[in-house]
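To be precise, the following lines are input.pdb, and they hold PDB, C-alpha atoms.
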MODEL        1
ATOM      1  CA  MET A   1       2.911  20.370  12.485
ATOM      2  CA  LYS A   2       2.851  19.281   8.833
ATOM      3  CA  THR A   3       6.645  19.394   8.535
ATOM      4  CA  PHE A   4       7.039  17.429  11.764
ATOM      5  CA  THR A   5       4.590  14.682  10.751
ATOM      6  CA  GLU A   6       6.141  14.368   7.296
ATOM      7  CA  ARG A   7       9.614  13.929   8.829
ATOM      8  CA  LEU A   8       8.261  11.405  11.315
ATOM      9  CA  TYR A   9       6.548   9.413   8.569
ATOM     10  CA  ARG A  10       9.681   9.356   6.400
ATOM     11  CA  ALA A  11      11.700   8.176   9.407
ATOM     12  CA  LEU A  12       9.181   5.397  10.067
ATOM     13  CA  GLU A  13       9.206   4.307   6.420
ATOM     14  CA  THR A  14      13.008   4.235   6.441
ATOM     15  CA  GLU A  15      13.124   2.085   9.579
ATOM     16  CA  LEU A  16      10.495  -0.290   8.188
ATOM     17  CA  TYR A  17      12.434  -0.569   4.937
ATOM     18  CA  ASP A  18      15.685  -1.335   6.758
ATOM     19  CA  LEU A  19      13.815  -3.898   8.850
ATOM     20  CA  SER A  20      12.509  -5.632   5.722
ATOM     21  CA  LEU A  21      16.099  -6.251   4.596
ATOM     22  CA  ARG A  22      17.072  -8.174   7.724
ATOM     23  CA  GLN A  23      17.649 -11.901   7.367
ATOM     24  CA  THR A  24      15.391 -12.860  10.256
ATOM     25  CA  PRO A  25      12.164 -14.904  10.486
ATOM     26  CA  GLU A  26       9.164 -13.068   9.095
ATOM     27  CA  SER A  27       7.242 -13.233  12.365
ATOM     28  CA  GLU A  28      10.138 -11.500  14.141
ATOM     29  CA  ARG A  29      10.268  -8.762  11.513
ATOM     30  CA  ILE A  30       6.527  -8.178  11.878
ATOM     31  CA  LYS A  31       6.864  -7.916  15.672
ATOM     32  CA  GLU A  32       9.610  -5.342  15.250
ATOM     33  CA  ALA A  33       7.465  -3.445  12.744
ATOM     34  CA  ILE A  34       4.651  -3.297  15.304
ATOM     35  CA  LYS A  35       7.078  -1.839  17.841
ATOM     36  CA  LEU A  36       8.291   0.784  15.362
ATOM     37  CA  CYS A  37       4.735   1.843  14.520
ATOM     38  CA  LYS A  38       3.794   1.996  18.200
ATOM     39  CA  LYS A  39       6.850   4.140  18.901
ATOM     40  CA  ALA A  40       5.925   6.539  16.076
ATOM     41  CA  MET A  41       2.366   6.768  17.426
ATOM     42  CA  GLY A  42       3.767   7.651  20.852
ATOM     43  CA  ILE A  43       5.888  10.447  19.384
ATOM     44  CA  LEU A  44       2.871  11.731  17.462
ATOM     45  CA  LYS A  45       0.768  11.743  20.621
ATOM     46  CA  ARG A  46       3.399  13.665  22.599
ATOM     47  CA  GLN A  47       3.599  16.277  19.849
ATOM     48  CA  ILE A  48      -0.163  16.809  19.997
ATOM     49  CA  SER A  49       0.014  17.289  23.766
ATOM     50  CA  ILE A  50       2.481  20.190  23.448
ATOM     51  CA  GLN A  51       1.342  21.830  20.210
ATOM     52  CA  LEU A  52      -2.150  23.250  19.768
ATOM     53  CA  PHE A  53      -3.970  23.213  16.451
ATOM     54  CA  GLU A  54      -4.151  26.655  14.885
ATOM     55  CA  SER A  55      -7.620  26.101  13.448
ATOM     56  CA  LEU A  56     -10.489  23.641  13.193
ATOM     57  CA  ASP A  57      -9.336  22.734   9.680
ATOM     58  CA  ASP A  58      -5.906  21.806  11.040
ATOM     59  CA  GLU A  59      -7.488  19.548  13.645
ATOM     60  CA  ILE A  60      -9.643  17.841  11.012
ATOM     61  CA  ALA A  61      -6.669  17.425   8.683
ATOM     62  CA  PHE A  62      -4.646  15.762  11.441
ATOM     63  CA  PHE A  63      -7.277  13.264  12.556
ATOM     64  CA  LYS A  64      -8.480  12.514   9.017
ATOM     65  CA  ASN A  65      -5.264  12.538   7.002
ATOM     66  CA  VAL A  66      -2.297  12.227   9.361
ATOM     67  CA  LYS A  67      -3.049  10.027  12.342
ATOM     68  CA  PRO A  68      -4.749   7.290  10.247
ATOM     69  CA  VAL A  69      -1.624   6.989   8.090
ATOM     70  CA  PHE A  70       0.385   5.989  11.170
ATOM     71  CA  TYR A  71      -2.373   4.145  13.003
ATOM     72  CA  SER A  72      -3.374   2.040   9.982
ATOM     73  CA  LYS A  73       0.178   0.720   9.675
ATOM     74  CA  TYR A  74       0.107  -0.333  13.327
ATOM     75  CA  ILE A  75      -3.232  -2.129  12.877
ATOM     76  CA  TYR A  76      -2.096  -3.732   9.615
ATOM     77  CA  TYR A  77       1.049  -5.238  11.104
ATOM     78  CA  ILE A  78      -0.942  -6.592  14.041
ATOM     79  CA  SER A  79      -3.273  -8.293  11.536
ATOM     80  CA  LEU A  80      -0.260  -9.715   9.700
ATOM     81  CA  TYR A  81       1.215 -11.036  12.917
ATOM     82  CA  ASN A  82      -2.043 -12.700  13.932
ATOM     83  CA  PHE A  83      -2.317 -14.218  10.463
ATOM     84  CA  HIS A  84       1.131 -15.790  10.674
ATOM     85  CA  ILE A  85       0.846 -17.172  14.189
ATOM     86  CA  LYS A  86      -2.612 -18.670  13.506
ATOM     87  CA  LYS A  87      -1.840 -19.960  10.013
ATOM     88  CA  PRO A  88      -2.511 -23.730   9.785
ATOM     89  CA  ILE A  89       0.416 -26.053   9.223
ATOM     90  CA  GLY A  90      -1.536 -28.242   6.760
ATOM     91  CA  GLY A  91      -1.443 -28.068   2.969
ATOM     92  CA  GLU A  92      -2.917 -25.671   0.446
ATOM     93  CA  ASP A  93      -6.538 -26.632   1.161
ATOM     94  CA  ALA A  94      -6.229 -25.852   4.870
ATOM     95  CA  LEU A  95      -4.510 -22.550   4.126
ATOM     96  CA  ARG A  96      -7.117 -21.581   1.563
ATOM     97  CA  ASP A  97      -9.938 -22.322   4.036
ATOM     98  CA  TYR A  98      -8.168 -20.245   6.678
ATOM     99  CA  ILE A  99      -7.771 -17.311   4.275
ATOM    100  CA  SER A 100     -11.414 -17.590   3.237
ATOM    101  CA  ILE A 101     -12.498 -17.258   6.874
ATOM    102  CA  GLU A 102     -10.291 -14.174   7.260
ATOM    103  CA  LEU A 103     -11.759 -12.629   4.104
ATOM    104  CA  ALA A 104     -15.278 -13.344   5.342
ATOM    105  CA  ASP A 105     -14.470 -11.532   8.603
ATOM    106  CA  LEU A 106     -13.233  -8.537   6.632
ATOM    107  CA  LYS A 107     -16.385  -8.526   4.515
ATOM    108  CA  ARG A 108     -18.497  -8.430   7.679
ATOM    109  CA  PHE A 109     -16.439  -5.495   8.917
ATOM    110  CA  PHE A 110     -16.950  -3.505   5.709
ATOM    111  CA  ASP A 111     -20.657  -4.397   5.595
ATOM    112  CA  HIS A 112     -21.086  -3.311   9.214
ATOM    113  CA  ASN A 113     -19.406   0.032   8.472
ATOM    114  CA  GLN A 114     -20.895   0.477   5.013
ATOM    115  CA  SER A 115     -22.143   4.040   5.552
ATOM    116  CA  PHE A 116     -18.830   5.425   6.788
ATOM    117  CA  TYR A 117     -16.893   3.295   4.293
ATOM    118  CA  GLN A 118     -18.864   4.962   1.506
ATOM    119  CA  TYR A 119     -18.107   8.352   3.068
ATOM    120  CA  TYR A 120     -14.406   7.506   2.994
ATOM    121  CA  ARG A 121     -14.367   6.018  -0.516
ATOM    122  CA  THR A 122     -16.156   8.997  -2.062
ATOM    123  CA  ASN A 123     -13.826  11.516  -0.365
ATOM    124  CA  ASP A 124     -16.820  13.120   1.289
ATOM    125  CA  SER A 125     -16.235  15.913   3.823
ATOM    126  CA  HIS A 126     -19.569  17.363   4.965
ATOM    127  CA  LEU A 127     -19.382  15.509   8.317
ATOM    128  CA  ASP A 128     -15.660  16.015   8.922
ATOM    129  CA  SER A 129     -16.267  18.454  11.760
ATOM    130  CA  VAL A 130     -18.246  15.736  13.545
ATOM    131  CA  TYR A 131     -16.088  12.739  12.683
ATOM    132  CA  PHE A 132     -12.617  14.256  13.044
ATOM    133  CA  THR A 133     -12.700  16.785  15.859
ATOM    134  CA  ARG A 134     -12.328  15.919  19.502
ATOM    135  CA  GLY A 135     -15.320  15.890  21.817
ATOM    136  CA  ASN A 136     -17.916  15.250  19.106
ATOM    137  CA  TYR A 137     -18.720  11.658  19.904
ATOM    138  CA  ASP A 138     -21.403   9.594  21.541
ATOM    139  CA  VAL A 139     -19.442   7.272  23.803
ATOM    140  CA  PHE A 140     -22.263   4.721  23.797
ATOM    141  CA  ALA A 141     -22.789   4.726  20.042
ATOM    142  CA  GLU A 142     -19.091   4.664  19.219
ATOM    143  CA  ILE A 143     -17.768   2.628  22.129
ATOM    144  CA  GLU A 144     -16.324  -0.106  19.900
ATOM    145  CA  ASP A 145     -14.279   2.419  17.910
ATOM    146  CA  PHE A 146     -13.405   5.140  20.412
ATOM    147  CA  GLN A 147      -9.970   4.568  21.940
ATOM    148  CA  GLY A 148     -10.493   6.338  25.249
ATOM    149  CA  ASP A 149      -7.986   9.200  25.003
ATOM    150  CA  GLU A 150     -10.084  12.312  24.447
ATOM    151  CA  LEU A 151      -7.022  14.454  23.622
ATOM    152  CA  PHE A 152      -5.745  12.065  20.958
ATOM    153  CA  SER A 153      -8.940  10.527  19.589
ATOM    154  CA  THR A 154     -12.068  11.479  17.699
ATOM    155  CA  SER A 155     -15.167   9.416  17.080
ATOM    156  CA  HIS A 156     -13.970   8.122  13.698
ATOM    157  CA  ASP A 157     -10.182   8.376  13.325
ATOM    158  CA  TYR A 158      -9.733   4.826  14.642
ATOM    159  CA  LYS A 159     -12.504   3.525  12.382
ATOM    160  CA  LEU A 160     -10.857   5.205   9.388
ATOM    161  CA  SER A 161      -7.466   3.752  10.356
ATOM    162  CA  LYS A 162      -8.999   0.306  10.624
ATOM    163  CA  ILE A 163     -10.641   0.630   7.216
ATOM    164  CA  VAL A 164      -7.328   1.588   5.593
ATOM    165  CA  ALA A 165      -5.518  -1.242   7.401
ATOM    166  CA  ASN A 166      -8.186  -3.794   6.507
ATOM    167  CA  GLU A 167      -8.110  -2.796   2.843
ATOM    168  CA  LYS A 168      -4.395  -3.463   2.824
ATOM    169  CA  PHE A 169      -4.811  -6.709   4.759
ATOM    170  CA  ARG A 170      -7.493  -7.815   2.284
ATOM    171  CA  ASP A 171      -5.061  -7.197  -0.587
ATOM    172  CA  PHE A 172      -2.490  -9.287   1.265
ATOM    173  CA  LEU A 173      -4.941 -12.173   1.712
ATOM    174  CA  LEU A 174      -6.016 -12.072  -1.933
ATOM    175  CA  GLN A 175      -2.371 -12.206  -2.956
ATOM    176  CA  GLN A 176      -1.911 -15.275  -0.754
ATOM    177  CA  ILE A 177      -4.783 -16.951  -2.618
ATOM    178  CA  LYS A 178      -3.163 -16.074  -5.944
ATOM    179  CA  ASN A 179       0.118 -17.563  -4.736
ATOM    180  CA  ILE A 180      -1.619 -20.830  -3.854
ATOM    181  CA  ILE A 181      -3.262 -20.987  -7.281
ATOM    182  CA  SER A 182       0.058 -20.235  -8.979
ATOM    183  CA  ASP A 183       1.753 -23.018  -7.007
ATOM    184  CA  LEU A 184      -0.962 -25.469  -8.038
ATOM    185  CA  ASN A 185      -0.974 -24.347 -11.676
ATOM    186  CA  PRO A 186       2.543 -23.170 -12.507
ATOM    187  CA  ILE A 187       3.030 -21.643 -15.952
ATOM    188  CA  GLU A 188       5.974 -22.797 -18.031
ATOM    189  CA  THR A 189       7.540 -19.357 -18.463
ATOM    190  CA  PRO A 190       6.467 -16.979 -15.665
ATOM    191  CA  VAL A 191       6.784 -13.244 -16.304
ATOM    192  CA  ILE A 192       9.140 -11.868 -13.672
ATOM    193  CA  TRP A 193      10.477  -8.342 -13.260
ATOM    194  CA  THR A 194      14.261  -8.822 -13.419
ATOM    195  CA  SER A 195      15.366  -5.207 -13.423
ATOM    196  CA  ASN A 196      15.753  -3.490 -10.058
ATOM    197  CA  GLN A 197      12.849  -2.105  -8.036
ATOM    198  CA  SER A 198      13.875   1.527  -8.529
ATOM    199  CA  ASP A 199      13.517   1.103 -12.311
ATOM    200  CA  LEU A 200       9.963  -0.168 -11.906
ATOM    201  CA  VAL A 201       9.075   2.653  -9.498
ATOM    202  CA  GLU A 202      10.432   5.191 -11.998
ATOM    203  CA  LEU A 203       8.350   3.633 -14.770
ATOM    204  CA  ILE A 204       5.132   3.489 -12.727
ATOM    205  CA  TYR A 205       5.406   7.123 -11.639
ATOM    206  CA  ALA A 206       5.902   8.124 -15.267
ATOM    207  CA  LEU A 207       2.826   6.127 -16.317
ATOM    208  CA  VAL A 208       0.707   7.764 -13.616
ATOM    209  CA  GLU A 209       1.885  11.287 -14.416
ATOM    210  CA  SER A 210       1.250  10.723 -18.133
ATOM    211  CA  GLY A 211      -2.341   9.663 -17.455
ATOM    212  CA  SER A 212      -1.785   6.304 -19.144
ATOM    213  CA  PHE A 213      -4.198   4.386 -16.876
ATOM    214  CA  ASN A 214      -7.904   5.096 -16.299
ATOM    215  CA  ASN A 215      -7.580   8.408 -18.146
ATOM    216  CA  GLY A 216      -5.336   9.631 -15.352
ATOM    217  CA  ASN A 217      -7.886   8.832 -12.650
ATOM    218  CA  ILE A 218      -5.785   6.446 -10.563
ATOM    219  CA  GLU A 219      -3.757   6.758  -7.382
ATOM    220  CA  ILE A 220      -0.092   5.835  -7.374
ATOM    221  CA  LYS A 221      -0.640   3.327  -4.551
ATOM    222  CA  ASN A 222      -3.256   1.415  -6.554
ATOM    223  CA  LEU A 223      -0.946   1.071  -9.541
ATOM    224  CA  MET A 224       1.939   0.037  -7.288
ATOM    225  CA  ASP A 225      -0.254  -2.690  -5.790
ATOM    226  CA  TYR A 226      -1.252  -3.845  -9.278
ATOM    227  CA  PHE A 227       2.340  -4.139 -10.500
ATOM    228  CA  GLN A 228       3.341  -5.899  -7.278
ATOM    229  CA  SER A 229       0.659  -8.488  -7.928
ATOM    230  CA  ILE A 230       1.449  -8.955 -11.619
ATOM    231  CA  PHE A 231       5.235  -9.176 -11.350
ATOM    232  CA  GLN A 232       5.569 -10.590  -7.828
ATOM    233  CA  VAL A 233       7.850  -7.767  -6.707
ATOM    234  CA  ASP A 234       7.896  -5.923  -3.394
ATOM    235  CA  LEU A 235       7.216  -2.198  -3.884
ATOM    236  CA  LYS A 236       5.822  -1.289  -0.471
ATOM    237  CA  TYR A 237       8.595   1.276   0.082
ATOM    238  CA  TYR A 238       8.085   2.944  -3.296
ATOM    239  CA  TYR A 239       7.887   6.419  -1.706
ATOM    240  CA  ARG A 240      11.458   6.170  -0.438
ATOM    241  CA  LYS A 241      12.716   4.812  -3.767
ATOM    242  CA  PHE A 242      11.026   7.655  -5.647
ATOM    243  CA  SER A 243      12.615  10.106  -3.237
ATOM    244  CA  ASP A 244      16.022   8.571  -4.005
ATOM    245  CA  ILE A 245      15.314   8.838  -7.737
ATOM    246  CA  SER A 246      14.282  12.482  -7.392
ATOM    247  CA  ASN A 247      17.472  13.292  -5.482
ATOM    248  CA  ARG A 248      19.830  11.899  -8.121
ATOM    249  CA  LYS A 249      22.517  14.381  -9.096
ATOM    250  CA  LYS A 250      22.192  13.491 -12.780
ATOM    251  CA  GLU A 251      20.194  11.179 -15.036
ATOM    252  CA  ARG A 252      17.138  11.275 -12.802
ATOM    253  CA  THR A 253      15.168   9.382 -15.467
ATOM    254  CA  ALA A 254      17.920   6.836 -16.090
ATOM    255  CA  PHE A 255      15.616   3.874 -16.710
ATOM    256  CA  ILE A 256      13.215   5.731 -18.989
ATOM    257  CA  ASP A 257      16.174   7.125 -20.929
ATOM    258  CA  LYS A 258      17.479   3.572 -21.285
ATOM    259  CA  LEU A 259      14.088   2.412 -22.573
ATOM    260  CA  LYS A 260      14.091   5.131 -25.201
ATOM    261  CA  ILE A 261      17.586   4.202 -26.389
ATOM    262  CA  CYS A 262      16.717   0.496 -26.577
ATOM    263  CA  LEU A 263      13.472   1.145 -28.477
ATOM    264  CA  ILE A 264      15.133   3.452 -31.003
ATOM    265  CA  LYS A 265      17.861   0.867 -31.477
ATOM    266  CA  ARG A 266      15.207  -1.745 -32.207
ATOM    267  CA  MET A 267      13.432   0.587 -34.650
ATOM    268  CA  ASP A 268      16.686   1.272 -36.464
ATOM    269  CA  SER A 269      17.610  -2.395 -36.732
ATOM    270  CA  LYS A 270      17.707  -3.758 -40.293
ATOM    271  CA  TYR A 271      16.246  -7.224 -40.680
ATOM    272  CA  GLU A 272      17.356  -9.322 -43.623
ATOM    273  CA  ILE A 273      14.302 -10.842 -45.287
ATOM    274  CA  LYS A 274      15.625 -11.515 -48.821
ATOM    275  CA  ASP A 275      15.999 -15.233 -48.167
ATOM    276  CA  PHE A 276      12.430 -15.595 -46.893
ATOM    277  CA  PRO A 277      10.095 -17.153 -49.494
ATOM    278  CA  LEU A 278       7.640 -14.352 -50.231
ATOM    279  CA  LYS A 279       5.513 -16.366 -52.684
ATOM    280  CA  ARG A 280       1.812 -16.713 -52.044
ATOM    281  CA  ILE A 281       0.964 -19.681 -49.874
ATOM    282  CA  SER A 282      -1.970 -21.747 -51.159
ATOM    283  CA  TYR A 283      -3.983 -24.357 -49.305
ATOM    284  CA  SER A 284      -5.350 -27.398 -51.001
ATOM    285  CA  ASP A 285      -7.325 -30.422 -49.827
TER     286      ASP A 285
ENDMDL
END

Here is a file; write its structure as structure tokens.
Amino acid sequence: MKTFTERLYRALETELYDLSLRQTPESERIKEAIKLCKKAMGILKRQISIQLFESLDDEIAFFKNVKPVFYSKYIYYISLYNFHIKKPIGGEDALRDYISIELADLKRFFDHNQSFYQYYRTNDSHLDSVYFTRGNYDVFAEIEDFQGDELFSTSHDYKLSKIVANEKFRDFLLQQIKNIISDLNPIETPVIWTSNQSDLVELIYALVESGSFNNGNIEIKNLMDYFQSIFQVDLKYYYRKFSDISNRKKERTAFIDKLKICLIKRMDSKYEIKDFPLKRISYSD
């Protein structure tokens, strides 16, 4: 099962990446992304119908760690699509008000699901057998989150998927706010990543593996999101780029090797300072 789901996820990521490169309106690309995610979910569901879980742990792992990865993408793209079709045509003020309303809705969602959100954020597991196995649900208590298919749903896999999707959608909305502020207050010399995306992915992975941020206590996705925000670069398909880097026949750390060469060259540079006046500078009234 694990090998199958990993292949399916890589295939989905590849199709989404190829879709992102198309020169078509953004709303059309988002609609196609929704279709791709829905198709992947259908394949996942068919696989579950023909392949039994070998153990309770396997069932929990699927509904806690596998299905939400696919389902959250589907929910996220639906949120993106709704955002774009409802976005006001007015200026920055109207857009900012619209985004604020969306963020307020997300806050209400997280507040309403605070207990389970805390369970998710702390990587807790003591209720996994209740939350992520089929049949262990109260249809009246969980009616807003249960999706109706008892063979392909648990009481909390949809809620978890929605949390993951809404976290990503919240990041998107916050970035939109930052873009508005940047447009209103442009800096004279913006800092832009001008090397290619693969170079930045290689660098970020190296920084994570070296424990350079938060004493090593940081997830690769969080650092990718941070660099995307800082440098205004799209790294959402970083997993595929890292896979390409790892599969290089030679010079797998090409960018880092280049950095080392450039830094050593700078260190070895000889600066002429003999013509600089090295006398003491005095200040007088």

Problem set entry | Answer key for the PyMOL selection byres ((chain A and resi 72) around 10), residues as a PyMOL selection string | chain A and resi 37+67-71+73-78+157-168

Problem set entry | Chain and number of each residue from the PyMOL selection byres ((chain A and resi 40-48) around 10), as a count of residues only | 27

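Put simply, the PyMOL selection byres ((chain A and resi 99) around 9) on this file hits A:Phe83, A:Lys87, A:Ala94, A:Leu95, A:Arg96, A:Asp97, A:Tyr98, A:Ser100, A:Ile101, A:Glu102, A:Leu103, A:Ala104, A:Leu173, A:Leu174, A:Gln176, A:Ile177.
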
Take the residues just selected and output them with C-alpha atoms as a CSV table (one decimal), in the coordinates of the input.
chain,number,residue,atom,x,y,z
A,83,PHE,CA,-2.3,-14.2,10.5
A,87,LYS,CA,-1.8,-20.0,10.0
A,94,ALA,CA,-6.2,-25.9,4.9
A,95,LEU,CA,-4.5,-22.6,4.1
A,96,ARG,CA,-7.1,-21.6,1.6
A,97,ASP,CA,-9.9,-22.3,4.0
A,98,TYR,CA,-8.2,-20.2,6.7
A,100,SER,CA,-11.4,-17.6,3.2
A,101,ILE,CA,-12.5,-17.3,6.9
A,102,GLU,CA,-10.3,-14.2,7.3
A,103,LEU,CA,-11.8,-12.6,4.1
A,104,ALA,CA,-15.3,-13.3,5.3
A,173,LEU,CA,-4.9,-12.2,1.7
A,174,LEU,CA,-6.0,-12.1,-1.9
A,176,GLN,CA,-1.9,-15.3,-0.8
A,177,ILE,CA,-4.8,-17.0,-2.6

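Here CA of Leu235 in chain A is placed at a distance of 28.1 Å from CA of Gly91 in chain A.
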
Could you work out an axis-aligned box for range 70-84 of chain A, taking every atom the file lists and adding 5 Å on each side, and report centre and edge lengths in Å to one decimal, as AutoDock Vina command-line options?
--center_x -1.1 --center_y -4.9 --center_z 11.8 --size_x 14.6 --size_y 31.8 --size_z 14.4
